[in-house]
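The structure appears below as structure tokens.
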2 protein chains.
Amino acid sequence: MRLTTKGRFAVTAMIDLGMRHQRGPVTLAGISERQRISLSYLEQLFGRLRRQGIVDSVRGPGGGYTLAQSMLDISVADIIRAVDEPIDATQCGGLGNCHDDRECMTHDLWMSLNSRIYDYLDSVNLDELVTTQLAKQAEEVAHGQAQGHKHDTRRVVGSADITPGLMHKSGQAHKTVVNG
Amino acid sequence: MRLTTKGRFAVTAMIDLGMRHQRGPVTLAGISERQRISLSYLEQLFGRLRRQGIVDSVRGPGGGYTLAQSMLDISVADIIRAVDEPIDATQCGGLGNCHDDRECMTHDLWMSLNSRIYDYLDSVNLDELVTTQLAKQAEEVAHGQAQGHKHDTRRVVGSADITPGLMHKSGQAHKTVVNG
DNA sequence: TGAATAGTTGACCAAATTAATCGGGATTAG
DNA sequence: CTAATCCCGATTAATTTGGTCAACTATTCA
């Protein structure tokens, strides 16, 4: 698992897409402008998301990107996995050719934590994030703060508490790559 | 929040330290050899951990590093925060000088997810990780596999289930190996 | 039909940032 | 004093980030 700005941009872009996919394909140019992410970088990210079957592309005028799956089925981990290829946490490449058991320990230590982080991020899906964001925007409009609103940094972190409820995608294990 | 090899090394090193801190200061040279992390890199990492008050250092012969806090009080998030300085998720630097509300939205989108990841990693403490690791080693010794044991890749991830009690999760760990 | 247009695709490249190493100092026990 | 150890600034290596450009594809419209 890796969490970098790349994953952050991908998740942000996917939320933007999720928020307006009902109205037809969403262009990268639109996401680029709304989220201030460079268009060329988005192209790169969505290329991967498309190859992973998370989004579909529609070419030509009126085209853009659409979701290839239900928002309930797209987890944050799916998005991050798609754009940020996994690091090899082992020194021995998971092939078991360690000199002794020490490298395996290094490997185990991180992997067990790693899998927990994945478990967690697999439990957060796009639908939830989009719902949260729409609710937040509705709230702003209700308070007449839609224009020129400066966000209050003291509230930012706590803002996740609007969230309806966490879902667990049980059973549906992530695409597992078993070494060897 | 960022999760990179740097954070991984730091967590691994801290577990190593946690496993033997009772016997006095632990040298970086020892951690370096056991965990196969370069000494100079460890020095850099522990410099930060020390400045964050997570470890204490003892200079001179017989010196090394000790824990500055109870293992129960050191969370994975603390460790990662110490070595991987946080990215600035905002375009406007969190200063609220955005042109309109769009950048704030970008900011919010990520921050609410970010805070959840932190919440989660804050819930996993070093004591828990060390206990898990010690239990695993004890088990290996009991099976007479202490020497030359090659780890079984199929069990790597599931091995977290020895863990005493996970707060967040409904312990259904899937058998995932995040590819090496 | 076919040209213009809106849009994606993918390869390549450069700047910026991070990761990791290196070389030399400090500090202290014995 | 000297060896074991931490400490730290500078440097190099690797990766990430983001940009440019030249196809390619589908739609629209004349």
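The way I read the labels, and the way they are meant: chains A, B, ... in the order of the structure tokens, residue 1 as the first residue of every chain, and ligand 1 as the first ligand shown, with later ones counted on from there.
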Item to check | Contact residues around Tyr41 (chain B) with only C-alpha atoms (C1' of nucleotides) at 10 Å, ignoring same-chain residues under 5 positions, as a ChimeraX atom specification | outcome: /B:6,9-10,28,32,46-47 /C:19-21
Output C-alpha atoms (C1' of nucleotides) of each residue in that selection to a file, as a short mmCIF file (atom, residue, chain, number, x, y, z; two decimals), in the first residue's frame.
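Result went into part.cif, see below:
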```cif
data_model
loop_
_atom_site.label_atom_id
_atom_site.label_comp_id
_atom_site.auth_asym_id
_atom_site.auth_seq_id
_atom_site.Cartn_x
_atom_site.Cartn_y
_atom_site.Cartn_z
CA LYS B 6 10.00 5.49 4.57
CA PHE B 9 11.00 1.27 7.50
CA ALA B 10 10.24 3.43 10.49
CA LEU B 28 20.93 1.37 15.11
CA SER B 32 20.20 -2.24 10.59
CA PHE B 46 15.65 8.10 14.24
CA GLY B 47 16.76 11.71 14.20
"C1'" DA C 19 14.68 8.69 -0.80
"C1'" DA C 20 18.97 7.15 0.43
"C1'" DT C 21 24.00 7.62 1.01
#
```
Within 6 Å of chain D: residues of chain B, using only C-alpha atoms (C1' of nucleotides), as a PDB file with C-alpha atoms, in the first residue's frame:
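Full text of selection-v7.pdb as output:
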```pdb
ATOM      1  CA  ARG B  59      25.394   8.355  23.281  1.00  0.00           C
ATOM      2  CA  GLY B  60      28.666   6.645  23.662  1.00  0.00           C
ATOM      3  CA  PRO B  61      29.563   2.998  23.983  1.00  0.00           C
ATOM      4  CA  GLY B  63      24.365   3.594  24.017  1.00  0.00           C
TER       5      GLY B  63
END
```
Next on the checklist: Using only C-alpha atoms (C1' of nucleotides) and a distance of at most 10 Å, pull out the residues of chain C that contact chain B, as a PyMOL selection string.
Outcome noted: chain C and resi 18-22+26-30
Item to check | Within 9 Å of Ser70 (chain A) using only C-alpha atoms (C1' of nucleotides), minus same-chain residues under 3 positions, as a PyMOL selection string | outcome: chain A and resi 67+73-74+126-127
Keeping only all heavy atoms, write those residues as a PDB file, in the first residue's frame.
```
ATOM      1  N   LEU A  67     -18.572   5.914 -14.941  1.00  0.00           N
ATOM      2  CA  LEU A  67     -18.203   4.860 -14.003  1.00  0.00           C
ATOM      3  C   LEU A  67     -18.507   3.502 -14.625  1.00  0.00           C
ATOM      4  O   LEU A  67     -19.552   3.321 -15.234  1.00  0.00           O
ATOM      5  CB  LEU A  67     -19.003   5.014 -12.707  1.00  0.00           C
ATOM      6  CG  LEU A  67     -18.700   6.270 -11.890  1.00  0.00           C
ATOM      7  CD1 LEU A  67     -19.663   6.384 -10.715  1.00  0.00           C
ATOM      8  CD2 LEU A  67     -17.272   6.232 -11.396  1.00  0.00           C
ATOM      9  N   ASP A  73     -19.539  -0.359  -5.263  1.00  0.00           N
ATOM     10  CA  ASP A  73     -18.533  -1.397  -5.466  1.00  0.00           C
ATOM     11  C   ASP A  73     -17.119  -0.852  -5.651  1.00  0.00           C
ATOM     12  O   ASP A  73     -16.169  -1.614  -5.762  1.00  0.00           O
ATOM     13  CB  ASP A  73     -18.895  -2.244  -6.684  1.00  0.00           C
ATOM     14  CG  ASP A  73     -20.141  -3.070  -6.433  1.00  0.00           C
ATOM     15  OD1 ASP A  73     -20.407  -3.382  -5.265  1.00  0.00           O
ATOM     16  OD2 ASP A  73     -20.845  -3.382  -7.403  1.00  0.00           O
ATOM     17  N   ILE A  74     -17.012   0.463  -5.744  1.00  0.00           N
ATOM     18  CA  ILE A  74     -15.681   1.049  -5.931  1.00  0.00           C
ATOM     19  C   ILE A  74     -15.175   1.547  -4.583  1.00  0.00           C
ATOM     20  O   ILE A  74     -15.709   2.496  -4.020  1.00  0.00           O
ATOM     21  CB  ILE A  74     -15.730   2.220  -6.930  1.00  0.00           C
ATOM     22  CG1 ILE A  74     -16.246   1.739  -8.290  1.00  0.00           C
ATOM     23  CG2 ILE A  74     -14.353   2.858  -7.059  1.00  0.00           C
ATOM     24  CD1 ILE A  74     -16.466   2.852  -9.301  1.00  0.00           C
ATOM     25  N   LEU A 126     -16.895   4.640  -2.754  1.00  0.00           N
ATOM     26  CA  LEU A 126     -17.080   5.924  -3.425  1.00  0.00           C
ATOM     27  C   LEU A 126     -18.444   6.529  -3.139  1.00  0.00           C
ATOM     28  O   LEU A 126     -18.571   7.744  -2.966  1.00  0.00           O
ATOM     29  CB  LEU A 126     -16.878   5.738  -4.930  1.00  0.00           C
ATOM     30  CG  LEU A 126     -16.891   7.006  -5.784  1.00  0.00           C
ATOM     31  CD1 LEU A 126     -15.816   7.981  -5.345  1.00  0.00           C
ATOM     32  CD2 LEU A 126     -16.694   6.643  -7.249  1.00  0.00           C
ATOM     33  N   ASP A 127     -19.445   5.690  -3.070  1.00  0.00           N
ATOM     34  CA  ASP A 127     -20.795   6.179  -2.825  1.00  0.00           C
ATOM     35  C   ASP A 127     -20.842   6.991  -1.529  1.00  0.00           C
ATOM     36  O   ASP A 127     -21.436   8.067  -1.462  1.00  0.00           O
ATOM     37  CB  ASP A 127     -21.768   5.000  -2.728  1.00  0.00           C
ATOM     38  CG  ASP A 127     -23.207   5.468  -2.647  1.00  0.00           C
ATOM     39  OD1 ASP A 127     -23.699   6.017  -3.643  1.00  0.00           O
ATOM     40  OD2 ASP A 127     -23.806   5.323  -1.564  1.00  0.00           O
TER      41      ASP A 127
END
```
Next on the checklist: I need the residue nearest Ser112 (chain A) from this list: B:Val130, B:Glu140, B:Arg51, B:Ile80. Use only C-alpha atoms for the distance.
Outcome noted: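 Ranking B:Val130, B:Glu140, B:Arg51, B:Ile80 by distance to Ser112 (chain A), first place goes to B:Val130.
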Checklist entry - Which residues come within 12 Å of Gln52 (chain B), counting only C-alpha atoms (C1' of nucleotides), excluding same-chain residues fewer than 2 positions away, as JSON, numbers by chain? => result {"B": [45, 46, 47, 48, 49, 50, 54, 55, 56, 67, 68, 69, 74, 78, 79, 80, 81, 82, 83, 84, 85]}
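Note that the spacing between CA of Ile31 (chain A) and CA of Met14 (chain A) amounts to 9.1 Å.
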Next on the checklist: Report, in Å to a single decimal, how far apart CA of Asp122 (chain B) and CA of Ser75 (chain B) are.
Outcome noted: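 Between these atoms lies a distance of 5.2 Å.
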Item to check | Nearest-residue call for chain B, choices A:Thr27, A:Ser115, A:Asn125, A:Ser57, using only C-alpha atoms | outcome: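 Closest residue, counting only C-alpha atoms: A:Ser115.
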Item to check | Nearest to Val11 (chain A), chosen from B:Leu109, B:Thr66, B:Gly24, B:Arg34, with only C-alpha atoms counted in the distances | outcome: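 Nearest to Val11 (chain A): B:Leu109.
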